[in-house]
file final_4.cif (mmCIF, C-alpha atoms)
data_upload
loop_
_atom_site.group_PDB
_atom_site.id
_atom_site.type_symbol
_atom_site.label_atom_id
_atom_site.label_comp_id
_atom_site.auth_asym_id
_atom_site.auth_seq_id
_atom_site.Cartn_x
_atom_site.Cartn_y
_atom_site.Cartn_z
ATOM 1 C CA LEU A 215 8.953 5.310 4.348
ATOM 2 C CA LEU A 216 7.726 5.121 7.953
ATOM 3 C CA ILE A 217 9.659 1.918 8.768
ATOM 4 C CA THR A 218 12.842 3.188 7.149
ATOM 5 C CA SER A 219 12.559 6.512 8.968
ATOM 6 C CA LEU A 220 12.093 4.738 12.317
ATOM 7 C CA ILE A 221 15.191 2.623 11.684
ATOM 8 C CA TYR A 222 17.188 5.732 10.863
ATOM 9 C CA ILE A 223 15.885 7.597 13.952
ATOM 10 C CA LEU A 224 16.825 4.624 16.128
ATOM 11 C CA PHE A 225 20.281 4.607 14.546
ATOM 12 C CA ILE A 226 20.778 8.294 15.329
ATOM 13 C CA PHE A 227 19.668 7.866 18.941
ATOM 14 C CA ILE A 228 22.153 5.023 19.405
ATOM 15 C CA ARG A 229 25.132 6.549 17.617
ATOM 16 C CA LYS A 230 24.852 10.281 18.308
ATOM 17 C CA GLU A 231 25.176 12.469 21.362
ATOM 18 C CA LYS A 232 22.047 14.110 22.770
ATOM 19 C CA GLY A 233 22.976 17.612 21.616
ATOM 20 C CA LYS A 234 23.458 16.565 17.986
ATOM 21 C CA ARG A 235 20.439 14.302 17.536
ATOM 22 C CA PHE A 236 17.789 16.885 16.656
ATOM 23 C CA SER A 237 20.003 18.810 14.190
ATOM 24 C CA ILE A 238 20.664 15.556 12.290
ATOM 25 C CA LEU A 239 17.061 14.352 12.440
ATOM 26 C CA LYS A 240 15.522 17.703 11.502
ATOM 27 C CA PRO A 241 15.645 17.270 7.683
ATOM 28 C CA VAL A 242 14.426 13.656 8.018
ATOM 29 C CA LEU A 243 11.473 14.700 10.160
ATOM 30 C CA ILE A 244 10.592 17.472 7.691
ATOM 31 C CA VAL A 245 10.438 14.933 4.843
ATOM 32 C CA VAL A 246 8.416 12.405 6.854
ATOM 33 C CA ILE A 247 5.903 14.960 8.131
ATOM 34 C CA SER A 248 5.562 16.605 4.699
ATOM 35 C CA SER A 249 5.007 13.213 3.065
ATOM 36 C CA PHE A 250 2.332 12.339 5.618
ATOM 37 C CA ILE A 251 0.496 15.641 5.081
ATOM 38 C CA ILE A 252 0.613 15.214 1.291
ATOM 39 C CA SER A 253 -0.741 11.662 1.628
ATOM 40 C CA LEU A 254 -3.862 13.070 3.329
ATOM 41 C CA ILE A 255 -4.798 15.048 0.205
ATOM 42 C CA PRO A 256 -7.404 12.966 -1.705
ATOM 43 C CA VAL A 257 -7.055 12.480 -5.461
ATOM 44 C CA LYS A 258 -9.862 12.111 -7.975
ATOM 45 C CA VAL A 259 -8.574 8.999 -9.766
ATOM 46 C CA GLY A 260 -7.165 5.625 -8.819
ATOM 47 C CA GLU A 261 -8.252 2.665 -6.726
ATOM 48 C CA ARG A 262 -6.760 4.190 -3.568
ATOM 49 C CA PRO A 263 -7.664 7.913 -3.658
ATOM 50 C CA ASP A 264 -6.594 8.720 -0.082
ATOM 51 C CA LEU A 265 -4.621 7.425 2.887
ATOM 52 C CA LYS A 266 -7.685 5.909 4.561
ATOM 53 C CA SER A 267 -8.638 3.774 1.572
ATOM 54 C CA THR A 268 -5.012 2.744 1.110
ATOM 55 C CA ALA A 269 -4.726 1.559 4.712
ATOM 56 C CA GLU A 270 -8.086 -0.249 4.582
ATOM 57 C CA SER A 271 -7.286 -2.070 1.338
ATOM 58 C CA PHE A 272 -3.741 -3.109 2.264
ATOM 59 C CA PHE A 273 -4.783 -6.411 3.887
ATOM 60 C CA ASP A 274 -8.138 -6.748 2.125
ATOM 61 C CA GLU A 275 -8.089 -10.121 0.346
ATOM 62 C CA GLU A 276 -11.112 -9.127 -1.765
ATOM 63 C CA PHE A 277 -9.502 -5.937 -3.106
ATOM 64 C CA LYS A 278 -8.928 -6.262 -6.867
ATOM 65 C CA SER A 279 -5.258 -5.242 -6.897
ATOM 66 C CA ASN A 280 -4.499 -7.605 -4.026
ATOM 67 C CA ILE A 281 -6.282 -10.484 -5.765
ATOM 68 C CA LEU A 282 -4.368 -9.861 -8.984
ATOM 69 C CA ARG A 283 -1.024 -9.657 -7.172
ATOM 70 C CA LEU A 284 -1.665 -12.950 -5.361
ATOM 71 C CA ASN A 285 -2.642 -14.524 -8.683
ATOM 72 C CA PHE A 286 0.554 -13.209 -10.266
ATOM 73 C CA TRP A 287 2.662 -14.762 -7.509
ATOM 74 C CA ASN A 288 0.750 -18.033 -7.699
ATOM 75 C CA ALA A 289 1.253 -18.209 -11.466
ATOM 76 C CA SER A 290 4.962 -17.423 -11.064
ATOM 77 C CA LEU A 291 5.406 -20.291 -8.614
ATOM 78 C CA GLN A 292 3.655 -22.651 -11.037
ATOM 79 C CA MET A 293 5.950 -21.503 -13.871
ATOM 80 C CA ILE A 294 8.976 -22.099 -11.647
ATOM 81 C CA LYS A 295 7.687 -25.552 -10.723
ATOM 82 C CA GLU A 296 7.303 -26.486 -14.405
ATOM 83 C CA ASP A 297 10.665 -25.105 -15.633
ATOM 84 C CA PRO A 298 12.981 -24.486 -12.650
ATOM 85 C CA ILE A 299 16.244 -24.848 -14.578
ATOM 86 C CA THR A 300 15.773 -22.810 -17.757
ATOM 87 C CA GLY A 301 12.580 -20.867 -17.077
ATOM 88 C CA LYS A 302 9.915 -19.988 -19.613
ATOM 89 C CA GLY A 303 12.118 -17.550 -21.530
ATOM 90 C CA LEU A 304 13.090 -13.901 -21.226
ATOM 91 C CA TYR A 305 10.102 -11.488 -21.261
ATOM 92 C CA LYS A 306 7.662 -14.429 -21.554
ATOM 93 C CA TRP A 307 6.068 -14.198 -18.100
ATOM 94 C CA SER A 308 3.116 -12.173 -19.383
ATOM 95 C CA GLY A 309 2.489 -14.563 -22.269
ATOM 96 C CA TYR A 310 2.341 -17.590 -19.960
ATOM 97 C CA TYR A 311 0.330 -16.089 -17.100
ATOM 98 C CA PRO A 312 -3.143 -16.685 -18.685
ATOM 99 C CA LYS A 313 -2.382 -20.417 -18.763
ATOM 100 C CA TYR A 314 -2.933 -20.512 -15.007
ATOM 101 C CA PHE A 315 -5.708 -17.935 -14.620
ATOM 102 C CA GLY A 316 -7.455 -18.044 -17.990
ATOM 103 C CA ASP A 317 -10.923 -17.951 -16.420
ATOM 104 C CA TYR A 318 -10.389 -14.275 -15.627
ATOM 105 C CA PHE A 319 -10.411 -13.244 -19.293
ATOM 106 C CA ASN A 320 -13.583 -12.606 -21.286
ATOM 107 C CA ASP A 321 -14.765 -10.379 -24.139
ATOM 108 C CA LYS A 322 -15.253 -7.426 -21.804
ATOM 109 C CA ASN A 323 -11.782 -7.325 -20.227
ATOM 110 C CA LEU A 324 -9.743 -8.885 -23.028
ATOM 111 C CA PHE A 325 -7.925 -5.640 -23.814
ATOM 112 C CA LEU A 326 -7.576 -4.496 -20.169
ATOM 113 C CA VAL A 327 -4.106 -5.996 -19.832
ATOM 114 C CA HIS A 328 -2.997 -6.328 -16.184
ATOM 115 C CA ASN A 329 -0.643 -9.282 -16.394
ATOM 116 C CA ILE A 330 2.455 -7.414 -17.595
ATOM 117 C CA HIS A 331 4.753 -8.208 -14.657
ATOM 118 C CA ALA A 332 4.723 -10.583 -11.690
ATOM 119 C CA HIS A 333 4.896 -7.711 -9.159
ATOM 120 C CA ASN A 334 7.875 -9.498 -7.648
ATOM 121 C CA ASP A 335 11.176 -9.113 -9.473
ATOM 122 C CA PHE A 336 12.707 -12.239 -7.945
ATOM 123 C CA LEU A 337 9.800 -14.487 -8.893
ATOM 124 C CA GLU A 338 9.677 -13.012 -12.403
ATOM 125 C CA VAL A 339 13.394 -13.509 -13.033
ATOM 126 C CA PHE A 340 13.158 -17.068 -11.675
ATOM 127 C CA ALA A 341 10.077 -17.871 -13.777
ATOM 128 C CA GLU A 342 11.555 -16.443 -16.975
ATOM 129 C CA SER A 343 15.263 -17.276 -16.735
ATOM 130 C CA GLY A 344 15.598 -20.167 -14.310
ATOM 131 C CA ILE A 345 17.383 -20.822 -11.055
ATOM 132 C CA ALA A 346 20.877 -19.662 -12.094
ATOM 133 C CA ALA A 347 19.709 -16.184 -13.144
ATOM 134 C CA SER A 348 17.541 -15.791 -10.036
ATOM 135 C CA LEU A 349 20.424 -16.756 -7.733
ATOM 136 C CA ILE A 350 22.772 -14.290 -9.434
ATOM 137 C CA PHE A 351 20.109 -11.582 -9.176
ATOM 138 C CA LEU A 352 19.570 -12.301 -5.475
ATOM 139 C CA LEU A 353 23.314 -12.516 -4.734
ATOM 140 C CA MET A 354 23.817 -9.099 -6.322
ATOM 141 C CA TYR A 355 21.380 -7.628 -3.802
ATOM 142 C CA ILE A 356 22.868 -9.541 -0.882
ATOM 143 C CA SER A 357 26.466 -8.626 -1.767
ATOM 144 C CA ILE A 358 25.762 -4.885 -2.124
ATOM 145 C CA ALA A 359 23.719 -4.823 1.097
ATOM 146 C CA SER A 360 26.473 -6.735 2.896
ATOM 147 C CA ILE A 361 29.181 -4.327 1.701
ATOM 148 C CA LEU A 362 27.127 -1.304 2.761
ATOM 149 C CA PHE A 363 26.407 -2.855 6.161
ATOM 150 C CA LYS A 364 30.109 -3.486 6.797
ATOM 151 C CA LYS A 365 31.008 0.039 5.697
ATOM 152 C CA SER A 366 28.249 1.476 7.887
ATOM 153 C CA LYS A 367 29.881 -0.020 10.962
ATOM 154 C CA LYS A 368 33.098 1.854 10.140
ATOM 155 C CA ASN A 369 31.550 5.009 8.729
ATOM 156 C CA GLU A 370 27.979 5.937 9.670
ATOM 157 C CA LYS A 371 27.593 8.027 6.512
ATOM 158 C CA TYR A 372 27.023 4.770 4.623
ATOM 159 C CA PHE A 373 23.966 3.884 6.741
ATOM 160 C CA PRO A 374 21.487 6.131 4.827
ATOM 161 C CA LEU A 375 22.817 4.589 1.600
ATOM 162 C CA LEU A 376 22.151 1.135 3.021
ATOM 163 C CA LEU A 377 18.552 2.152 3.823
ATOM 164 C CA THR A 378 18.129 3.543 0.305
ATOM 165 C CA PHE A 379 19.253 0.229 -1.150
ATOM 166 C CA ILE A 380 17.037 -1.783 1.207
ATOM 167 C CA ILE A 381 14.011 0.258 0.080
ATOM 168 C CA THR A 382 14.560 -0.879 -3.519
ATOM 169 C CA LEU A 383 15.095 -4.441 -2.272
ATOM 170 C CA ALA A 384 11.802 -4.354 -0.357
ATOM 171 C CA PHE A 385 10.011 -2.737 -3.298
ATOM 172 C CA SER A 386 11.218 -5.602 -5.510
ATOM 173 C CA PHE A 387 9.110 -8.054 -3.510
ATOM 174 C CA MET A 388 5.867 -6.133 -4.166
ATOM 175 C CA ALA A 389 6.329 -4.422 -7.550
ATOM 176 C CA PHE A 390 8.717 -4.412 -10.512
ATOM 177 C CA PRO A 391 11.445 -1.738 -10.080
ATOM 178 C CA TYR A 392 13.740 -3.977 -12.181
ATOM 179 C CA HIS A 393 11.807 -2.752 -15.242
ATOM 180 C CA LYS A 394 11.712 0.923 -14.200
ATOM 181 C CA PHE A 395 14.783 3.109 -14.628
ATOM 182 C CA ALA A 396 13.575 5.687 -12.109
ATOM 183 C CA SER A 397 13.122 3.037 -9.411
ATOM 184 C CA TYR A 398 16.602 1.644 -9.885
ATOM 185 C CA PHE A 399 18.411 4.952 -10.342
ATOM 186 C CA LEU A 400 19.197 5.590 -6.670
ATOM 187 C CA ALA A 401 19.955 1.905 -6.045
ATOM 188 C CA ALA A 402 22.432 1.957 -8.940
ATOM 189 C CA ILE A 403 24.180 5.035 -7.557
ATOM 190 C CA VAL A 404 24.352 3.465 -4.092
ATOM 191 C CA SER A 405 25.775 0.266 -5.604
ATOM 192 C CA GLY A 406 28.490 2.265 -7.332
ATOM 193 C CA VAL A 407 29.414 3.961 -4.059
ATOM 194 C CA ALA A 408 29.468 0.595 -2.285
ATOM 195 C CA LEU A 409 31.808 -0.967 -4.842
ATOM 196 C CA ILE A 410 34.342 1.861 -4.730
ATOM 197 C CA THR A 411 37.416 0.593 -2.912
ATOM 198 C CA SER A 412 38.647 3.059 -0.325
ATOM 199 C CA SER A 413 41.334 3.191 2.330
ATOM 200 C CA GLU A 414 38.846 1.697 4.805
ATOM 201 C CA ILE A 415 39.460 -1.762 3.321
ATOM 202 C CA GLY A 416 42.906 -1.219 1.915
ATOM 203 C CA LYS A 417 44.203 -4.711 2.720
ATOM 204 C CA LYS A 418 41.609 -6.321 0.470
ATOM 205 C CA GLN A 419 42.075 -4.088 -2.544
ATOM 206 C CA ILE A 420 42.136 -5.748 -5.948
ATOM 207 C CA SER A 421 44.643 -4.308 -8.377
ATOM 208 C CA ILE A 422 43.278 -3.728 -11.892
ATOM 209 C CA LYS A 423 45.407 -2.240 -14.622
ATOM 210 C CA LEU A 424 43.889 1.049 -15.700
ATOM 211 C CA ASN A 425 44.374 0.412 -19.439
ATOM 212 C CA TYR A 426 42.502 -2.908 -19.244
ATOM 213 C CA PHE A 427 39.731 -1.261 -17.252
ATOM 214 C CA LYS A 428 39.436 1.534 -19.830
ATOM 215 C CA LEU A 429 39.265 -1.003 -22.660
ATOM 216 C CA VAL A 430 36.522 -3.058 -20.978
ATOM 217 C CA LEU A 431 34.575 0.097 -20.120
ATOM 218 C CA PHE A 432 34.908 1.371 -23.702
ATOM 219 C CA VAL A 433 33.635 -1.942 -25.151
ATOM 220 C CA LEU A 434 30.698 -1.980 -22.717
ATOM 221 C CA LEU A 435 29.825 1.630 -23.553
ATOM 222 C CA ILE A 436 29.883 0.898 -27.294
ATOM 223 C CA LEU A 437 27.829 -2.274 -26.883
ATOM 224 C CA GLY A 438 25.331 -0.753 -24.457
ATOM 225 C CA GLY A 439 25.053 2.459 -26.467
ATOM 226 C CA SER A 440 24.438 0.585 -29.727
ATOM 227 C CA ILE A 441 21.735 -1.602 -28.213
ATOM 228 C CA SER A 442 20.095 1.420 -26.588
ATOM 229 C CA ILE A 443 20.026 3.290 -29.912
ATOM 230 C CA ILE A 444 18.494 0.277 -31.690
ATOM 231 C CA LYS A 445 15.829 -0.109 -28.994
ATOM 232 C CA LEU A 446 15.077 3.616 -29.008
ATOM 233 C CA LYS A 447 14.703 3.695 -32.809
ATOM 234 C CA SER A 448 12.514 0.594 -32.641
ATOM 235 C CA GLU A 449 10.298 2.164 -29.993
ATOM 236 C CA ILE A 450 9.920 5.357 -32.031
ATOM 237 C CA SER A 451 9.053 3.367 -35.172
ATOM 238 C CA TYR A 452 6.578 1.274 -33.199
ATOM 239 C CA GLY A 453 4.906 4.420 -31.846
ATOM 240 C CA GLN A 454 4.615 5.812 -35.371
ATOM 241 C CA ALA A 455 3.145 2.497 -36.543
ATOM 242 C CA ILE A 456 0.435 2.613 -33.866
ATOM 243 C CA TYR A 457 -0.311 6.198 -34.888
ATOM 244 C CA LEU A 458 -0.795 4.991 -38.485
ATOM 245 C CA LYS A 459 -2.910 2.042 -37.285
ATOM 246 C CA GLU A 460 -5.410 4.424 -35.680
ATOM 247 C CA ARG A 461 -5.692 6.179 -39.043
ATOM 248 C CA ARG A 462 -6.079 2.884 -40.924
ATOM 249 C CA GLN A 463 -2.972 3.544 -43.011
ATOM 250 C CA TYR A 464 -1.929 -0.100 -42.940
ATOM 251 C CA PRO A 465 0.704 -0.158 -45.749
ATOM 252 C CA LEU A 466 2.600 2.678 -44.046
ATOM 253 C CA MET A 467 2.070 0.956 -40.701
ATOM 254 C CA LEU A 468 3.787 -2.188 -42.005
ATOM 255 C CA GLN A 469 6.683 -0.106 -43.310
ATOM 256 C CA LYS A 470 7.235 1.387 -39.880
ATOM 257 C CA LEU A 471 6.988 -2.023 -38.202
ATOM 258 C CA GLU A 472 9.731 -3.305 -40.511
ATOM 259 C CA GLU A 473 12.039 -0.787 -38.828
ATOM 260 C CA VAL A 474 11.403 -2.407 -35.447
ATOM 261 C CA SER A 475 14.136 -4.817 -34.311
ATOM 262 C CA GLU A 476 12.730 -8.299 -33.728
ATOM 263 C CA ILE A 477 15.709 -9.102 -31.469
ATOM 264 C CA PHE A 478 15.777 -6.050 -29.191
ATOM 265 C CA TYR A 479 12.106 -5.005 -29.371
ATOM 266 C CA PRO A 480 9.981 -8.152 -29.870
ATOM 267 C CA LEU A 481 7.241 -6.982 -27.457
ATOM 268 C CA ASP A 482 5.801 -3.560 -26.716
ATOM 269 C CA ALA A 483 5.412 -1.965 -23.278
ATOM 270 C CA SER A 484 2.181 -3.896 -22.628
ATOM 271 C CA LYS A 485 3.977 -7.147 -23.576
ATOM 272 C CA GLN A 486 2.048 -7.558 -26.814
ATOM 273 C CA PRO A 487 4.234 -9.088 -29.557
ATOM 274 C CA VAL A 488 5.013 -6.669 -32.372
ATOM 275 C CA ASP A 489 4.061 -9.427 -34.840
ATOM 276 C CA TYR A 490 0.541 -9.182 -33.400
ATOM 277 C CA TYR A 491 0.304 -5.693 -34.926
ATOM 278 C CA ARG A 492 1.786 -6.909 -38.212
ATOM 279 C CA GLY A 493 -0.942 -9.534 -38.286
ATOM 280 C CA ILE A 494 -3.610 -6.873 -37.831
ATOM 281 C CA ALA A 495 -2.247 -4.774 -40.702
ATOM 282 C CA ASN A 496 -1.925 -7.739 -43.082
ATOM 283 C CA SER A 497 -5.412 -8.951 -42.161
ATOM 284 C CA TYR A 498 -6.994 -5.604 -43.029
ATOM 285 C CA LEU A 499 -5.053 -5.571 -46.297
ATOM 286 C CA GLY A 500 -6.425 -9.005 -47.212
ATOM 287 C CA ARG A 501 -3.039 -10.729 -46.908
ATOM 288 C CA TYR A 502 -4.389 -13.576 -44.828
ATOM 289 C CA GLN A 503 -1.454 -15.965 -45.278
ATOM 290 C CA GLU A 504 0.968 -13.285 -44.092
ATOM 291 C CA ALA A 505 -1.356 -12.446 -41.203
ATOM 292 C CA LEU A 506 -1.396 -16.129 -40.206
ATOM 293 C CA LYS A 507 2.426 -16.226 -40.194
ATOM 294 C CA ASN A 508 2.516 -13.075 -38.070
ATOM 295 C CA ASN A 509 0.009 -14.456 -35.592
ATOM 296 C CA LEU A 510 1.873 -17.759 -35.337
ATOM 297 C CA SER A 511 5.078 -15.843 -34.637
ATOM 298 C CA ALA A 512 3.286 -13.784 -31.989
ATOM 299 C CA HIS A 513 1.887 -16.990 -30.512
ATOM 300 C CA ASP A 514 5.417 -18.409 -30.160
ATOM 301 C CA LEU A 515 6.402 -15.380 -28.053
ATOM 302 C CA ALA A 516 3.188 -15.274 -26.001
ATOM 303 C CA PRO A 517 1.537 -18.723 -26.317
ATOM 304 C CA PHE A 518 -1.298 -18.045 -23.842
ATOM 305 C CA ASN A 519 -1.930 -14.374 -24.572
ATOM 306 C CA PRO A 520 -5.736 -14.244 -25.062
ATOM 307 C CA ILE A 521 -5.604 -11.396 -27.598
ATOM 308 C CA VAL A 522 -3.011 -13.225 -29.697
ATOM 309 C CA MET A 523 -4.978 -16.482 -29.431
ATOM 310 C CA ARG A 524 -8.147 -14.719 -30.566
ATOM 311 C CA ASN A 525 -6.434 -13.280 -33.661
ATOM 312 C CA LEU A 526 -4.761 -16.602 -34.427
ATOM 313 C CA GLY A 527 -8.126 -18.342 -34.281
ATOM 314 C CA ALA A 528 -9.554 -15.702 -36.629
ATOM 315 C CA SER A 529 -6.686 -16.320 -39.075
ATOM 316 C CA TYR A 530 -7.559 -19.993 -39.305
ATOM 317 C CA LYS A 531 -11.161 -19.117 -40.161
#

call {"tool": "encode", "arguments": {"input": "final_4.cif", "output": "structure tokens"}}
result
Amino acid sequence: LLITSLIYILFIFIRKEKGKRFSILKPVLIVVISSFIISLIPVKVGERPDLKSTAESFFDEEFKSNILRLNFWNASLQMIKEDPITGKGLYKWSGYYPKYFGDYFNDKNLFLVHNIHAHNDFLEVFAESGIAASLIFLLMYISIASILFKKSKKNEKYFPLLLTFIITLAFSFMAFPYHKFASYFLAAIVSGVALITSSEIGKKQISIKLNYFKLVLFVLLILGGSISIIKLKSEISYGQAIYLKERRQYPLMLQKLEEVSEIFYPLDASKQPVDYYRGIANSYLGRYQEALKNNLSAHDLAPFNPIVMRNLGASYK
């Protein structure tokens, strides 16, 4: 926030007359100052409860979150080195991570799952889907940023949009906004604005027949809407199954898990395979052969997941 604000302030001082600078910067300064004051308020939970601890831990190599993030990046690079062309497979980063840092896991922290994402969208896409997908992903960022930069030179109103997009780009190197709708919401809006062809670049306009565009948009809406509905229903059924698991109602739990799509919802939010939960239910019901099949299926999705490996070992006993 501070770096972006400084860039914007510098932009205003270069592009605007002296009399107009403060009136334009006033709302920006209000946001920056308010954010700083709020950051001074300590919270009761979390590893970084206040601004002081956050600043002190940022470059601390011994800080737990920093150690984990460096391990995540190291593991991602090793995955990329092993399978640079095809990657390990979509959504499989979490299931392969323990292969490289398995010493971290023990009976005490087995269920404290940290390795859900690589905390770097570019490394995660590369590790999971290979070089082609990672290049496309990177080129999407570069192309949108380039378009906004060119438009900013002609119309300064695009410059704040460029900064908004760059924030998401920078955040992608340290976290996983790719998997968070809220993080990508503003970037998606900015991308839409950037791709709108206006009179500013009239000579390079591409003519698209409106009827064809409507047809493509309609097909995409139907396809995207259908998949979203399936995933939403699967997530609801999964949630109900976990509710039944806590109450040891395993037959009903299995019924709910059957409503979960294995194609569109193979892993839950913590990247545990849904078949892992089917294995638990079948094991408690004494259906050990079915539990073994479930655990083997879960192992295929997450071959180095320590929880899955533990249950698979128990099935063989």

call {"tool": "residues_around", "arguments": {"input": "final_4.cif", "residues": "Ile217 of chain A", "least_positions_apart": "5", "cutoff": "12 Å", "atoms": "all atoms listed in the file", "output": "number ranges by chain"}}
result
A: 222-224, 246, 377, 380-381, 384

call {"tool": "closest_residue", "arguments": {"input": "final_4.cif", "among": "A:Lys371, A:Lys428, A:Lys485, A:Arg492", "to": "Phe225 of chain A", "atoms": "all atoms listed in the file"}}
result
A:Lys371

call {"tool": "closest_residue", "arguments": {"input": "final_4.cif", "among": "A:His333, A:Lys470, A:Lys365, A:Lys322", "to": "Ile450 of chain A", "atoms": "all atoms listed in the file"}}
result
A:Lys470

call {"tool": "residues_around", "arguments": {"input": "final_4.cif", "residues": "Tyr311 of chain A", "least_positions_apart": "4", "cutoff": "7 Å", "atoms": "only C-alpha atoms", "output": "list in words"}}
result
Ala289, Trp307, Phe315 and Asn329 of chain A

call {"tool": "atom_distance", "arguments": {"input": "final_4.cif", "atom1": "atom CA of Ala347 of chain A", "atom2": "atom CA of Val488 of chain A"}}
result
26.0 Å

call {"tool": "build_atoms", "arguments": {"input": "final_4.cif", "residues": "segment 461-474 of chain A", "atoms": "N, CA and C atoms", "output": "short mmCIF file (atom, residue, chain, number, x, y, z; two decimals), keeping the file's coordinate frame"}}
result
data_model
loop_
_atom_site.label_atom_id
_atom_site.label_comp_id
_atom_site.auth_asym_id
_atom_site.auth_seq_id
_atom_site.Cartn_x
_atom_site.Cartn_y
_atom_site.Cartn_z
N ARG A 461 -5.21 5.47 -37.85
CA ARG A 461 -5.69 6.18 -39.04
C ARG A 461 -5.90 5.24 -40.23
N ARG A 462 -5.82 3.92 -39.92
CA ARG A 462 -6.08 2.88 -40.92
C ARG A 462 -5.16 2.97 -42.14
N GLN A 463 -3.97 3.47 -41.94
CA GLN A 463 -2.97 3.54 -43.01
C GLN A 463 -2.05 2.33 -42.88
N TYR A 464 -2.59 1.16 -43.23
CA TYR A 464 -1.93 -0.10 -42.94
C TYR A 464 -0.65 -0.34 -43.76
N PRO A 465 -0.58 0.02 -45.03
CA PRO A 465 0.70 -0.16 -45.75
C PRO A 465 1.85 0.62 -45.09
N LEU A 466 1.57 1.88 -44.72
CA LEU A 466 2.60 2.68 -44.05
C LEU A 466 2.90 2.11 -42.65
N MET A 467 1.88 1.57 -42.01
CA MET A 467 2.07 0.96 -40.70
C MET A 467 3.05 -0.21 -40.80
N LEU A 468 2.88 -1.05 -41.82
CA LEU A 468 3.79 -2.19 -42.00
C LEU A 468 5.21 -1.73 -42.28
N GLN A 469 5.34 -0.64 -43.03
CA GLN A 469 6.68 -0.11 -43.31
C GLN A 469 7.38 0.31 -42.02
N LYS A 470 6.65 0.96 -41.15
CA LYS A 470 7.24 1.39 -39.88
C LYS A 470 7.58 0.18 -38.99
N LEU A 471 6.73 -0.84 -39.02
CA LEU A 471 6.99 -2.02 -38.20
C LEU A 471 8.21 -2.80 -38.70
N GLU A 472 8.52 -2.66 -39.99
CA GLU A 472 9.73 -3.30 -40.51
C GLU A 472 11.00 -2.68 -39.93
N GLU A 473 10.89 -1.46 -39.44
CA GLU A 473 12.04 -0.79 -38.83
C GLU A 473 12.24 -1.17 -37.36
N VAL A 474 11.32 -1.97 -36.84
CA VAL A 474 11.40 -2.41 -35.45
C VAL A 474 12.27 -3.66 -35.36
#
